[in-house]
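Student: input36.pdb (PDB, C-alpha atoms and all ligand atoms) pasted underneath:
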```pdb
ATOM      1  CA  MET A  85       0.000   0.000   0.000  1.00  0.00           C
ATOM      2  CA  GLU A  86       2.915   2.320   0.692  1.00  0.00           C
ATOM      3  CA  LYS A  87       4.019   1.690  -2.856  1.00  0.00           C
ATOM      4  CA  LEU A  88       0.556   2.360  -4.193  1.00  0.00           C
ATOM      5  CA  TRP A  89       0.492   5.610  -2.242  1.00  0.00           C
ATOM      6  CA  GLU A  90       3.866   6.613  -3.626  1.00  0.00           C
ATOM      7  CA  TRP A  91       2.698   5.603  -7.079  1.00  0.00           C
ATOM      8  CA  GLN A  92      -0.424   7.742  -6.701  1.00  0.00           C
ATOM      9  CA  GLN A  93       1.637  10.723  -5.567  1.00  0.00           C
ATOM     10  CA  LEU A  94       4.033  10.384  -8.461  1.00  0.00           C
ATOM     11  CA  ARG A  95       1.127  10.258 -10.857  1.00  0.00           C
ATOM     12  CA  GLN A  96      -0.398  13.345  -9.229  1.00  0.00           C
ATOM     13  CA  GLN A  97       2.905  15.144  -9.656  1.00  0.00           C
ATOM     14  CA  TYR A  98       3.096  14.050 -13.255  1.00  0.00           C
ATOM     15  CA  TRP A  99      -0.418  15.218 -13.960  1.00  0.00           C
ATOM     16  CA  ARG A 100       0.121  18.601 -12.297  1.00  0.00           C
ATOM     17  CA  LYS A 101       3.352  19.182 -14.207  1.00  0.00           C
ATOM     18  CA  GLN A 102       1.700  18.250 -17.454  1.00  0.00           C
ATOM     19  CA  GLU A 103      -1.210  20.588 -16.773  1.00  0.00           C
ATOM     20  CA  SER A 104       1.044  23.498 -15.903  1.00  0.00           C
ATOM     21  CA  LEU A 105       3.020  22.842 -19.062  1.00  0.00           C
ATOM     22  CA  LYS A 106      -0.167  22.955 -21.110  1.00  0.00           C
ATOM     23  CA  LYS A 107      -1.448  26.073 -19.397  1.00  0.00           C
ATOM     24  CA  ASN A 108       1.860  27.911 -19.425  1.00  0.00           C
ATOM     25  CA  PRO A 109       0.980  31.622 -19.770  1.00  0.00           C
ATOM     26  CA  ALA A 110       4.181  32.058 -21.783  1.00  0.00           C
ATOM     27  CA  VAL A 111       2.512  30.191 -24.652  1.00  0.00           C
ATOM     28  CA  ILE A 112      -0.317  32.712 -24.833  1.00  0.00           C
ATOM     29  CA  ALA A 113       2.078  35.664 -24.500  1.00  0.00           C
ATOM     30  CA  LEU A 114       4.322  34.278 -27.233  1.00  0.00           C
ATOM     31  CA  ARG A 115       1.412  33.649 -29.554  1.00  0.00           C
ATOM     32  CA  LYS A 116       0.180  37.202 -29.006  1.00  0.00           C
ATOM     33  CA  GLU A 117       3.618  38.636 -29.690  1.00  0.00           C
ATOM     34  CA  LYS A 118       3.975  36.615 -32.860  1.00  0.00           C
ATOM     35  CA  GLN A 119       0.611  37.906 -34.030  1.00  0.00           C
ATOM     36  CA  GLU A 120       1.626  41.490 -33.282  1.00  0.00           C
ATOM     37  CA  ILE A 121       4.863  41.060 -35.205  1.00  0.00           C
ATOM     38  CA  ALA A 122       2.945  39.683 -38.175  1.00  0.00           C
ATOM     39  CA  GLU A 123       0.625  42.706 -38.038  1.00  0.00           C
ATOM     40  CA  ALA A 124       3.568  45.110 -37.830  1.00  0.00           C
ATOM     41  CA  GLU A 125       5.144  43.389 -40.837  1.00  0.00           C
ATOM     42  CA  LEU A 126       1.924  43.937 -42.735  1.00  0.00           C
ATOM     43  CA  VAL A 127       1.920  47.651 -41.848  1.00  0.00           C
ATOM     44  CA  LEU A 128       5.513  47.921 -43.045  1.00  0.00           C
ATOM     45  CA  LYS A 129       4.599  46.203 -46.295  1.00  0.00           C
ATOM     46  CA  GLU A 130       1.773  48.684 -46.819  1.00  0.00           C
ATOM     47  CA  GLN A 131       4.174  51.529 -46.133  1.00  0.00           C
ATOM     48  CA  GLU A 132       6.601  50.106 -48.688  1.00  0.00           C
ATOM     49  CA  GLU A 133       3.840  49.972 -51.294  1.00  0.00           C
ATOM     50  CA  LYS A 134       2.838  53.528 -50.487  1.00  0.00           C
ATOM     51  CA  LEU A 135       6.473  54.616 -50.781  1.00  0.00           C
ATOM     52  CA  GLY A 136       6.787  52.913 -54.159  1.00  0.00           C
ATOM     53  CA  LYS A 137       3.694  54.738 -55.427  1.00  0.00           C
ATOM     54  CA  LEU A 138       4.921  58.086 -54.110  1.00  0.00           C
ATOM     55  CA  GLN A 139       8.336  57.594 -55.714  1.00  0.00           C
ATOM     56  CA  GLY A 140       6.726  56.664 -59.022  1.00  0.00           C
ATOM     57  CA  ARG A 141       4.524  59.728 -58.849  1.00  0.00           C
ATOM     58  CA  ALA A 142       7.477  61.968 -57.943  1.00  0.00           C
ATOM     59  CA  ARG A 143       9.402  60.657 -60.976  1.00  0.00           C
ATOM     60  CA  LYS A 144       6.452  61.289 -63.250  1.00  0.00           C
ATOM     61  CA  VAL A 145       5.924  64.807 -61.932  1.00  0.00           C
ATOM     62  CA  GLY A 146       9.668  65.440 -62.267  1.00  0.00           C
ATOM     63  CA  ASP A 147       9.571  64.395 -65.943  1.00  0.00           C
ATOM     64  CA  GLN A 148       6.517  66.542 -66.578  1.00  0.00           C
ATOM     65  CA  HIS A 149       8.217  69.458 -64.907  1.00  0.00           C
ATOM     66  CA  ARG A 150      11.324  69.107 -67.059  1.00  0.00           C
ATOM     67  CA  GLU A 151       9.282  68.837 -70.259  1.00  0.00           C
ATOM     68  CA  THR A 152       7.143  71.835 -69.419  1.00  0.00           C
ATOM     69  CA  ALA A 153      10.122  73.945 -68.402  1.00  0.00           C
ATOM     70  CA  ASP A 154      11.887  72.996 -71.678  1.00  0.00           C
ATOM     71  CA  LYS A 155       8.829  73.945 -73.694  1.00  0.00           C
ATOM     72  CA  ALA A 156       8.717  77.313 -71.952  1.00  0.00           C
ATOM     73  CA  LYS A 157      12.414  77.873 -72.689  1.00  0.00           C
ATOM     74  CA  ARG A 158      12.112  76.868 -76.344  1.00  0.00           C
ATOM     75  CA  LEU A 159       9.172  79.174 -76.855  1.00  0.00           C
ATOM     76  CA  GLU A 160      10.932  81.957 -75.043  1.00  0.00           C
ATOM     77  CA  ALA A 161      13.949  81.515 -77.341  1.00  0.00           C
ATOM     78  CA  LYS A 162      11.608  81.735 -80.306  1.00  0.00           C
ATOM     79  CA  LEU A 163      10.227  84.943 -78.899  1.00  0.00           C
ATOM     80  CA  TYR A 164      13.666  86.576 -78.963  1.00  0.00           C
ATOM     81  CA  ALA A 165      14.928  84.894 -82.120  1.00  0.00           C
ATOM     82  CA  GLY A 166      13.225  87.537 -84.195  1.00  0.00           C
ATOM     83  CA  GLU A 167      11.469  84.973 -86.382  1.00  0.00           C
ATOM     84  CA  THR A 168       8.297  86.971 -86.282  1.00  0.00           C
ATOM     85  CA  ASN A 169       7.499  90.586 -85.788  1.00  0.00           C
ATOM     86  CA  ASN A 170       3.799  90.229 -85.874  1.00  0.00           C
ATOM     87  CA  PRO A 171       2.655  91.709 -82.533  1.00  0.00           C
ATOM     88  CA  LYS A 172      -0.345  89.398 -82.419  1.00  0.00           C
ATOM     89  CA  ASP A 173       1.880  86.314 -82.819  1.00  0.00           C
ATOM     90  CA  LEU A 174       4.392  87.660 -80.328  1.00  0.00           C
ATOM     91  CA  LEU A 175       1.660  88.234 -77.793  1.00  0.00           C
ATOM     92  CA  SER A 176       0.311  84.742 -78.348  1.00  0.00           C
ATOM     93  CA  ILE A 177       3.772  83.190 -77.861  1.00  0.00           C
ATOM     94  CA  GLN A 178       4.349  85.336 -74.804  1.00  0.00           C
ATOM     95  CA  HIS A 179       1.079  84.087 -73.432  1.00  0.00           C
ATOM     96  CA  GLN A 180       2.025  80.445 -74.079  1.00  0.00           C
ATOM     97  CA  VAL A 181       5.413  80.960 -72.417  1.00  0.00           C
ATOM     98  CA  GLU A 182       3.689  82.261 -69.312  1.00  0.00           C
ATOM     99  CA  THR A 183       1.239  79.388 -69.275  1.00  0.00           C
ATOM    100  CA  PHE A 184       4.089  76.849 -69.500  1.00  0.00           C
ATOM    101  CA  GLN A 185       6.072  78.678 -66.836  1.00  0.00           C
ATOM    102  CA  GLU A 186       3.099  78.669 -64.495  1.00  0.00           C
ATOM    103  CA  GLU A 187       2.547  74.971 -65.134  1.00  0.00           C
ATOM    104  CA  ALA A 188       6.240  74.263 -64.550  1.00  0.00           C
ATOM    105  CA  ALA A 189       6.140  76.148 -61.256  1.00  0.00           C
ATOM    106  CA  ARG A 190       3.087  74.208 -60.169  1.00  0.00           C
ATOM    107  CA  LEU A 191       4.795  70.913 -61.067  1.00  0.00           C
ATOM    108  CA  ALA A 192       7.969  71.939 -59.220  1.00  0.00           C
ATOM    109  CA  GLU A 193       5.876  72.639 -56.151  1.00  0.00           C
ATOM    110  CA  GLU A 194       4.128  69.299 -56.418  1.00  0.00           C
ATOM    111  CA  LYS A 195       7.449  67.513 -56.817  1.00  0.00           C
ATOM    112  CA  ALA A 196       8.814  69.252 -53.714  1.00  0.00           C
ATOM    113  CA  ARG A 197       5.695  68.281 -51.785  1.00  0.00           C
ATOM    114  CA  LEU A 198       6.037  64.657 -52.901  1.00  0.00           C
ATOM    115  CA  ILE A 199       9.720  64.543 -51.983  1.00  0.00           C
ATOM    116  CA  ALA A 200       8.922  65.927 -48.533  1.00  0.00           C
ATOM    117  CA  GLU A 201       6.243  63.264 -48.121  1.00  0.00           C
ATOM    118  CA  ILE A 202       8.662  60.538 -49.273  1.00  0.00           C
ATOM    119  CA  THR A 203      11.303  61.730 -46.809  1.00  0.00           C
ATOM    120  CA  ARG A 204       8.817  61.765 -43.955  1.00  0.00           C
ATOM    121  CA  LEU A 205       7.572  58.277 -44.822  1.00  0.00           C
ATOM    122  CA  GLN A 206      11.120  56.942 -45.085  1.00  0.00           C
ATOM    123  CA  GLN A 207      11.957  58.324 -41.640  1.00  0.00           C
ATOM    124  CA  GLU A 208       8.773  56.841 -40.223  1.00  0.00           C
ATOM    125  CA  MET A 209       9.607  53.495 -41.801  1.00  0.00           C
ATOM    126  CA  ALA A 210      13.144  53.534 -40.434  1.00  0.00           C
ATOM    127  CA  VAL A 211      11.788  53.957 -36.898  1.00  0.00           C
ATOM    128  CA  TYR A 212       9.186  51.302 -37.521  1.00  0.00           C
ATOM    129  CA  ARG A 213      11.793  48.884 -38.898  1.00  0.00           C
ATOM    130  CA  ARG A 214      13.993  49.421 -35.865  1.00  0.00           C
ATOM    131  CA  HIS A 215      11.082  48.685 -33.532  1.00  0.00           C
ATOM    132  CA  LEU A 216      10.142  45.636 -35.512  1.00  0.00           C
ATOM    133  CA  LYS A 217      13.704  44.353 -35.376  1.00  0.00           C
ATOM    134  CA  GLU A 218      13.778  44.829 -31.595  1.00  0.00           C
ATOM    135  CA  ARG A 219      10.477  43.028 -31.250  1.00  0.00           C
ATOM    136  CA  ARG A 220      11.643  40.138 -33.390  1.00  0.00           C
ATOM    137  CA  GLU A 221      14.793  39.818 -31.292  1.00  0.00           C
ATOM    138  CA  SER A 222      12.846  39.945 -28.047  1.00  0.00           C
ATOM    139  CA  TYR A 223      10.427  37.345 -29.385  1.00  0.00           C
ATOM    140  CA  ARG A 224      13.244  35.034 -30.409  1.00  0.00           C
ATOM    141  CA  GLU A 225      14.863  35.360 -26.980  1.00  0.00           C
ATOM    142  CA  LYS A 226      11.617  34.597 -25.172  1.00  0.00           C
ATOM    143  CA  LEU A 227      10.925  31.693 -27.473  1.00  0.00           C
ATOM    144  CA  ALA A 228      14.369  30.244 -26.784  1.00  0.00           C
ATOM    145  CA  ILE A 229      13.805  30.557 -23.011  1.00  0.00           C
ATOM    146  CA  TYR A 230      10.392  28.986 -23.333  1.00  0.00           C
ATOM    147  CA  ASN A 231      11.757  26.114 -25.410  1.00  0.00           C
ATOM    148  CA  ARG A 232      14.522  25.481 -22.904  1.00  0.00           C
ATOM    149  CA  GLU A 233      12.039  25.437 -20.044  1.00  0.00           C
ATOM    150  CA  LYS A 234       9.708  23.203 -21.992  1.00  0.00           C
ATOM    151  CA  GLU A 235      12.529  20.816 -22.751  1.00  0.00           C
ATOM    152  CA  GLN A 236      13.464  20.670 -19.077  1.00  0.00           C
ATOM    153  CA  ALA A 237       9.865  20.128 -18.030  1.00  0.00           C
ATOM    154  CA  GLU A 238       9.513  17.356 -20.592  1.00  0.00           C
ATOM    155  CA  LEU A 239      12.668  15.754 -19.322  1.00  0.00           C
ATOM    156  CA  GLN A 240      11.304  15.881 -15.771  1.00  0.00           C
ATOM    157  CA  LEU A 241       8.072  14.383 -17.013  1.00  0.00           C
ATOM    158  CA  ALA A 242       9.979  11.584 -18.700  1.00  0.00           C
ATOM    159  CA  ILE A 243      11.901  10.891 -15.479  1.00  0.00           C
ATOM    160  CA  LEU A 244       8.688  10.868 -13.478  1.00  0.00           C
ATOM    161  CA  MET A 245       7.091   8.537 -15.998  1.00  0.00           C
ATOM    162  CA  GLY A 246      10.055   6.200 -15.648  1.00  0.00           C
ATOM    163  CA  GLN A 247       9.638   6.140 -11.868  1.00  0.00           C
ATOM    164  CA  ILE A 248       5.912   5.521 -12.236  1.00  0.00           C
ATOM    165  CA  MET A 249       6.534   2.628 -14.615  1.00  0.00           C
ATOM    166  CA  GLU A 250       9.066   1.112 -12.253  1.00  0.00           C
ATOM    167  CA  LEU A 251       6.681   1.337  -9.325  1.00  0.00           C
ATOM    168  CA  THR A 252       3.806  -0.030 -11.392  1.00  0.00           C
ATOM    169  CA  GLU A 253       5.696  -3.283 -11.740  1.00  0.00           C
ATOM    170  CA  GLU A 254       5.999  -3.585  -7.972  1.00  0.00           C
ATOM    171  CA  ILE A 255       2.283  -3.295  -7.325  1.00  0.00           C
ATOM    172  CA  PRO A 256       0.214  -6.483  -7.497  1.00  0.00           C
ATOM    173  CA  LEU A 257      -1.868  -6.584 -10.646  1.00  0.00           C
ATOM    174  CA  GLU A 258      -5.197  -7.166  -8.915  1.00  0.00           C
ATOM    175  CA  ILE A 259      -4.676  -4.111  -6.703  1.00  0.00           C
ATOM    176  CA  LEU A 260      -3.726  -2.042  -9.712  1.00  0.00           C
ATOM    177  CA  ALA A 261      -6.785  -3.225 -11.600  1.00  0.00           C
ATOM    178  CA  HIS A 262      -9.033  -2.405  -8.685  1.00  0.00           C
ATOM    179  CA  TYR A 263      -7.430   0.998  -8.283  1.00  0.00           C
ATOM    180  CA  GLN A 264      -7.892   1.796 -11.950  1.00  0.00           C
ATOM    181  CA  GLU A 265     -11.533   0.841 -11.742  1.00  0.00           C
ATOM    182  CA  LEU A 266     -12.032   3.187  -8.786  1.00  0.00           C
ATOM    183  CA  GLU A 267     -10.026   5.874 -10.513  1.00  0.00           C
ATOM    184  CA  GLN A 268     -12.853   6.554 -12.914  1.00  0.00           C
ATOM    185  CA  ARG A 269     -14.647   8.075  -9.970  1.00  0.00           C
ATOM    186  CA  PHE A 270     -11.573   9.493  -8.223  1.00  0.00           C
ATOM    187  CA  PRO A 271      -9.003  10.625 -10.759  1.00  0.00           C
ATOM    188  CA  GLN A 272      -5.493  10.175  -9.347  1.00  0.00           C
ATOM    189  CA  SER A 273      -6.928   9.811  -5.845  1.00  0.00           C
ATOM    190  CA  ALA A 274      -8.531   6.402  -5.432  1.00  0.00           C
ATOM    191  CA  LEU A 275      -6.289   5.708  -2.461  1.00  0.00           C
ATOM    192  CA  ALA A 276      -6.841   7.547   0.830  1.00  0.00           C
ATOM    193  CA  ARG A 277      -4.946   7.479   4.091  1.00  0.00           C
ATOM    194  CA  LEU A 278      -6.312   6.900   7.512  1.00  0.00           C
ATOM    195  CA  GLU A 279      -5.612  10.104   9.395  1.00  0.00           C
ATOM    196  CA  GLY A 280      -6.454   9.587  13.056  1.00  0.00           C
ATOM    197  CA  LYS A 281      -9.874   8.041  12.596  1.00  0.00           C
ATOM    198  CA  MET A 282     -10.664   9.911   9.409  1.00  0.00           C
ATOM    199  CA  CYS A 283     -10.422   9.257   5.695  1.00  0.00           C
ATOM    200  CA  SER A 284      -7.846  11.720   4.346  1.00  0.00           C
ATOM    201  CA  ALA A 285      -9.904  12.304   1.210  1.00  0.00           C
ATOM    202  CA  CYS A 286     -13.476  12.796   2.370  1.00  0.00           C
ATOM    203  CA  ARG A 287     -12.733  13.662   6.039  1.00  0.00           C
ATOM    204  CA  VAL A 288     -15.420  11.323   7.381  1.00  0.00           C
ATOM    205  CA  GLU A 289     -14.753   9.112  10.390  1.00  0.00           C
ATOM    206  CA  ILE A 290     -14.034   5.467   9.693  1.00  0.00           C
ATOM    207  CA  SER A 291     -15.852   2.835  11.764  1.00  0.00           C
ATOM    208  CA  ALA A 292     -13.967   0.924  14.472  1.00  0.00           C
ATOM    209  CA  LEU A 293     -14.612  -2.285  12.571  1.00  0.00           C
ATOM    210  CA  ALA A 294     -13.009  -1.001   9.403  1.00  0.00           C
ATOM    211  CA  ILE A 295     -10.055   0.333  11.359  1.00  0.00           C
ATOM    212  CA  ARG A 296      -9.583  -3.076  12.945  1.00  0.00           C
ATOM    213  CA  GLU A 297      -9.652  -4.676   9.502  1.00  0.00           C
ATOM    214  CA  LEU A 298      -7.152  -2.143   8.300  1.00  0.00           C
ATOM    215  CA  LYS A 299      -4.834  -2.911  11.200  1.00  0.00           C
ATOM    216  CA  LYS A 300      -4.990  -6.597  10.420  1.00  0.00           C
ATOM    217  CA  GLY A 301      -3.564  -5.704   7.070  1.00  0.00           C
ATOM    218  CA  GLN A 302      -5.388  -8.391   5.163  1.00  0.00           C
ATOM    219  CA  GLY A 303      -7.380  -7.595   2.047  1.00  0.00           C
ATOM    220  CA  LEU A 304      -8.545  -4.229   0.861  1.00  0.00           C
ATOM    221  CA  VAL A 305     -10.525  -1.934   3.133  1.00  0.00           C
ATOM    222  CA  HIS A 306     -12.627   0.851   1.691  1.00  0.00           C
ATOM    223  CA  CYS A 307     -13.818   4.097   3.180  1.00  0.00           C
ATOM    224  CA  GLU A 308     -17.477   3.503   4.019  1.00  0.00           C
ATOM    225  CA  ASN A 309     -18.317   7.040   2.995  1.00  0.00           C
ATOM    226  CA  CYS A 310     -16.510   7.802  -0.264  1.00  0.00           C
ATOM    227  CA  GLY A 311     -15.544   4.285  -1.284  1.00  0.00           C
ATOM    228  CA  ARG A 312     -11.825   4.916  -1.781  1.00  0.00           C
ATOM    229  CA  ILE A 313      -9.288   2.281  -0.838  1.00  0.00           C
ATOM    230  CA  LEU A 314      -7.871   3.002   2.608  1.00  0.00           C
ATOM    231  CA  PHE A 315      -4.425   2.495   3.938  1.00  0.00           C
ATOM    232  CA  ARG A 316      -2.626   3.455   7.115  1.00  0.00           C
TER     233      ARG A 316
HETATM  234 ZN    ZN B   1     -13.477   8.625   2.318  1.00  0.00          ZN
END
```
Kindly transcribe the structure held in the file into structure tokens.

Tutor:
Amino acid sequence: MEKLWEWQQLRQQYWRKQESLKKNPAVIALRKEKQEIAEAELVLKEQEEKLGKLQGRARKVGDQHRETADKAKRLEAKLYAGETNNPKDLLSIQHQVETFQEEAARLAEEKARLIAEITRLQQEMAVYRRHLKERRESYREKLAIYNREKEQAELQLAILMGQIMELTEEIPLEILAHYQELEQRFPQSALARLEGKMCSACRVEISALAIRELKKGQGLVHCENCGRILFR
């Protein structure tokens, strides 16, 4: 019975360790962190796409600006080349030059605005990347710690299981079978101790007759209240 008690305690230990391993809050924290990193990566990807679009737009506006400015210059050259003296034509060209110059100025402004926006976004992204890198590193560190702890816990579980198996072989089969039958009602606690005159599990007093039987040490005695196997 001592062996059965020890066996029961080892199994309780095993079960508790296994449960705490399953319910380790580190698992939930790690999962949450991984999710957050994935979300941050998505944000960064969106920022990269936005940056690409802005850069494309800035290039396009830059080209337009150059073309428009060139047109203005060419027309202006024409104006002073003396090709025409017709005042009406000259006025018309002058007008076109001004229109192109205005357009070029507007495009230059837009380009400057886009470049400022690109610079701001790039700075923002640099900060974001740095944070993301730190988070990834922190996650990896925590994961490594968790894995080490898990490995250790699994090793302890394996050792415990070995001890349980060893003890199992020392317990008579019929007692083990009876215990396992009772265990359906009392998981990991089908064996109770006599504490004074009480059952250690249900705390109800055991009859003098049962105690006498128990002291004789022959056959199995059960708690008359809960039905667990008793030992002293
Ligand atoms: Zn009892």

Student: When you draw a straight line from CA of Gln102 in chain A to CA of Leu251 in chain A, how long is it in Å?

Tutor: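 Between CA of Gln102 in chain A and CA of Leu251 in chain A the gap is 19.4 Å.
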
Student: Ranking A:Cys286, A:His306, A:Leu293, A:Ala237 by minimum distance to ligand ZN 1 (chain B) and counting all atoms listed in the file, which one comes first?

Tutor: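 Comparing A:Cys286, A:His306, A:Leu293, A:Ala237 against ligand ZN 1 (chain B), the winner is A:Cys286.
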
Student: Let me know the residues the PyMOL selection byres (((not hetatm)) within 8 of (chain B and resi 1)) catches in the file above, as a PyMOL selection string.

Tutor: chain A and resi 276+282-288+306-312+314

Student: Do you have the CA of Phe315 in chain A-CA of Arg277 in chain A distance handy?

Tutor: 5.0 Å

Student: Which residues would end up in the selection if the PyMOL selection byres (((chain A and resi 121) around 12) and not hetatm) were applied here, given that I need the answer as a ChimeraX atom specification?

Tutor: /A:114-120,122-128,212-213,215-224

Student: List the neighbours of Gly303 in chain A out to 10 Å using all atoms listed in the file; skip same-chain residues closer than 5 positions along the sequence, and give me the result as a list in words.

Tutor: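 Contacts, with the query itself left out: Ile259, Glu297 and Leu298 of chain A.
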
Student: Can those selected residues be exported to a file as a short mmCIF file (atom, residue, chain, number, x, y, z; two decimals), in the frame of the given file so that it contains C-alpha atoms?

Tutor:
```cif
data_model
loop_
_atom_site.label_atom_id
_atom_site.label_comp_id
_atom_site.auth_asym_id
_atom_site.auth_seq_id
_atom_site.Cartn_x
_atom_site.Cartn_y
_atom_site.Cartn_z
CA ILE A 259 -4.68 -4.11 -6.70
CA GLU A 297 -9.65 -4.68 9.50
CA LEU A 298 -7.15 -2.14 8.30
#
```

Student: Using all atoms listed in the file, which of A:Glu194, A:Glu186, A:Glu265, A:Glu254 sits nearest Leu88 in chain A?

Tutor: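 Looking at the shortest contact to Leu88 in chain A, the residue is A:Glu254.
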
Student: Which residues are close to Ala142 in chain A, i.e. within 7 Å by all atoms listed in the file, leaving aside same-chain residues fewer than 5 positions away? Reply as a ChimeraX atom specification.

Tutor: /A:195,198-199

Student: Quick one: residues within 12 Å of Leu260 in chain A, all atoms listed in the file, excluding same-chain residues fewer than 2 positions away - as a list of chain:residue names?

Tutor: A:Met85, A:Lys87, A:Leu88, A:Trp89, A:Trp91, A:Gln92, A:Leu251, A:Thr252, A:Glu253, A:Glu254, A:Ile255, A:Pro256, A:Leu257, A:Glu258, A:His262, A:Tyr263, A:Gln264, A:Glu265, A:Leu266, A:Glu267, A:Ala274, A:Leu275, A:Leu304, A:Ile313

Student: Please dump the current selection as a PDB file, keeping the file's coordinate frame; keep C-alpha atoms.

Tutor:
```pdb
ATOM      1  CA  MET A  85       0.000   0.000   0.000  1.00  0.00           C
ATOM      2  CA  LYS A  87       4.019   1.690  -2.856  1.00  0.00           C
ATOM      3  CA  LEU A  88       0.556   2.360  -4.193  1.00  0.00           C
ATOM      4  CA  TRP A  89       0.492   5.610  -2.242  1.00  0.00           C
ATOM      5  CA  TRP A  91       2.698   5.603  -7.079  1.00  0.00           C
ATOM      6  CA  GLN A  92      -0.424   7.742  -6.701  1.00  0.00           C
ATOM      7  CA  LEU A 251       6.681   1.337  -9.325  1.00  0.00           C
ATOM      8  CA  THR A 252       3.806  -0.030 -11.392  1.00  0.00           C
ATOM      9  CA  GLU A 253       5.696  -3.283 -11.740  1.00  0.00           C
ATOM     10  CA  GLU A 254       5.999  -3.585  -7.972  1.00  0.00           C
ATOM     11  CA  ILE A 255       2.283  -3.295  -7.325  1.00  0.00           C
ATOM     12  CA  PRO A 256       0.214  -6.483  -7.497  1.00  0.00           C
ATOM     13  CA  LEU A 257      -1.868  -6.584 -10.646  1.00  0.00           C
ATOM     14  CA  GLU A 258      -5.197  -7.166  -8.915  1.00  0.00           C
ATOM     15  CA  HIS A 262      -9.033  -2.405  -8.685  1.00  0.00           C
ATOM     16  CA  TYR A 263      -7.430   0.998  -8.283  1.00  0.00           C
ATOM     17  CA  GLN A 264      -7.892   1.796 -11.950  1.00  0.00           C
ATOM     18  CA  GLU A 265     -11.533   0.841 -11.742  1.00  0.00           C
ATOM     19  CA  LEU A 266     -12.032   3.187  -8.786  1.00  0.00           C
ATOM     20  CA  GLU A 267     -10.026   5.874 -10.513  1.00  0.00           C
ATOM     21  CA  ALA A 274      -8.531   6.402  -5.432  1.00  0.00           C
ATOM     22  CA  LEU A 275      -6.289   5.708  -2.461  1.00  0.00           C
ATOM     23  CA  LEU A 304      -8.545  -4.229   0.861  1.00  0.00           C
ATOM     24  CA  ILE A 313      -9.288   2.281  -0.838  1.00  0.00           C
TER      25      ILE A 313
END
```

Student: What's the separation between CA of Gly140 in chain A and CA of Thr183 in chain A, in Å to one decimal place?

Tutor: 25.5 Å

Student: Residue by residue, what does the PyMOL selection byres (((chain A and resi 200-208) around 8) and not hetatm) grab here? Present the result as an mmCIF file with C-alpha atoms, keeping the file's coordinate frame.

Tutor:
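Resulting contents of selection14.cif:
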```
data_model
loop_
_atom_site.group_PDB
_atom_site.id
_atom_site.type_symbol
_atom_site.label_atom_id
_atom_site.label_comp_id
_atom_site.auth_asym_id
_atom_site.auth_seq_id
_atom_site.Cartn_x
_atom_site.Cartn_y
_atom_site.Cartn_z
ATOM 1 C CA GLN A 131 4.174 51.529 -46.133
ATOM 2 C CA LEU A 135 6.473 54.616 -50.781
ATOM 3 C CA LEU A 138 4.921 58.086 -54.110
ATOM 4 C CA GLN A 139 8.336 57.594 -55.714
ATOM 5 C CA ALA A 196 8.814 69.252 -53.714
ATOM 6 C CA ARG A 197 5.695 68.281 -51.785
ATOM 7 C CA LEU A 198 6.037 64.657 -52.901
ATOM 8 C CA ILE A 199 9.720 64.543 -51.983
ATOM 9 C CA MET A 209 9.607 53.495 -41.801
ATOM 10 C CA ALA A 210 13.144 53.534 -40.434
ATOM 11 C CA VAL A 211 11.788 53.957 -36.898
ATOM 12 C CA TYR A 212 9.186 51.302 -37.521
#
```

Student: Would you list the contacts of Leu241 in chain A as a CSV table (one decimal) with C-alpha atoms, in the frame of the given file, taking every protein, DNA or RNA residue within 10 Å and counting all atoms listed in the file, but skipping same-chain residues closer than 4 positions in sequence?

Tutor:
```csv
chain,number,residue,atom,x,y,z
A,97,GLN,CA,2.9,15.1,-9.7
A,98,TYR,CA,3.1,14.0,-13.3
A,99,TRP,CA,-0.4,15.2,-14.0
A,101,LYS,CA,3.4,19.2,-14.2
A,102,GLN,CA,1.7,18.2,-17.5
A,235,GLU,CA,12.5,20.8,-22.8
A,236,GLN,CA,13.5,20.7,-19.1
A,237,ALA,CA,9.9,20.1,-18.0
A,245,MET,CA,7.1,8.5,-16.0
A,246,GLY,CA,10.1,6.2,-15.6
A,247,GLN,CA,9.6,6.1,-11.9
```

Student: Taking into account only C-alpha atoms, which residue in the set A:Ala189, A:Ala228, A:Leu159, A:Leu94 is nearest to Glu250 in chain A?

Tutor: A:Leu94

Student: Would you compute, for all listed atoms of range 159-169 of chain A, the axis-aligned bounding box grown by 6 Å on each side, and then report its centre and edge lengths in Å rounded to one decimal, as AutoDock Vina command-line options?

Tutor:
```
--center_x 11.2 --center_y 84.9 --center_z -80.7 --size_x 19.4 --size_y 23.4 --size_z 23.3
```

Student: Would you kindly return, as a PyMOL selection string, each protein, DNA or RNA residue with an atom no farther than 12 Å from any atom of Arg150 in chain A, considering only C-alpha atoms and excluding same-chain residues fewer than 3 positions away?

Tutor: chain A and resi 143-147+153-157+184-185+187-192+195
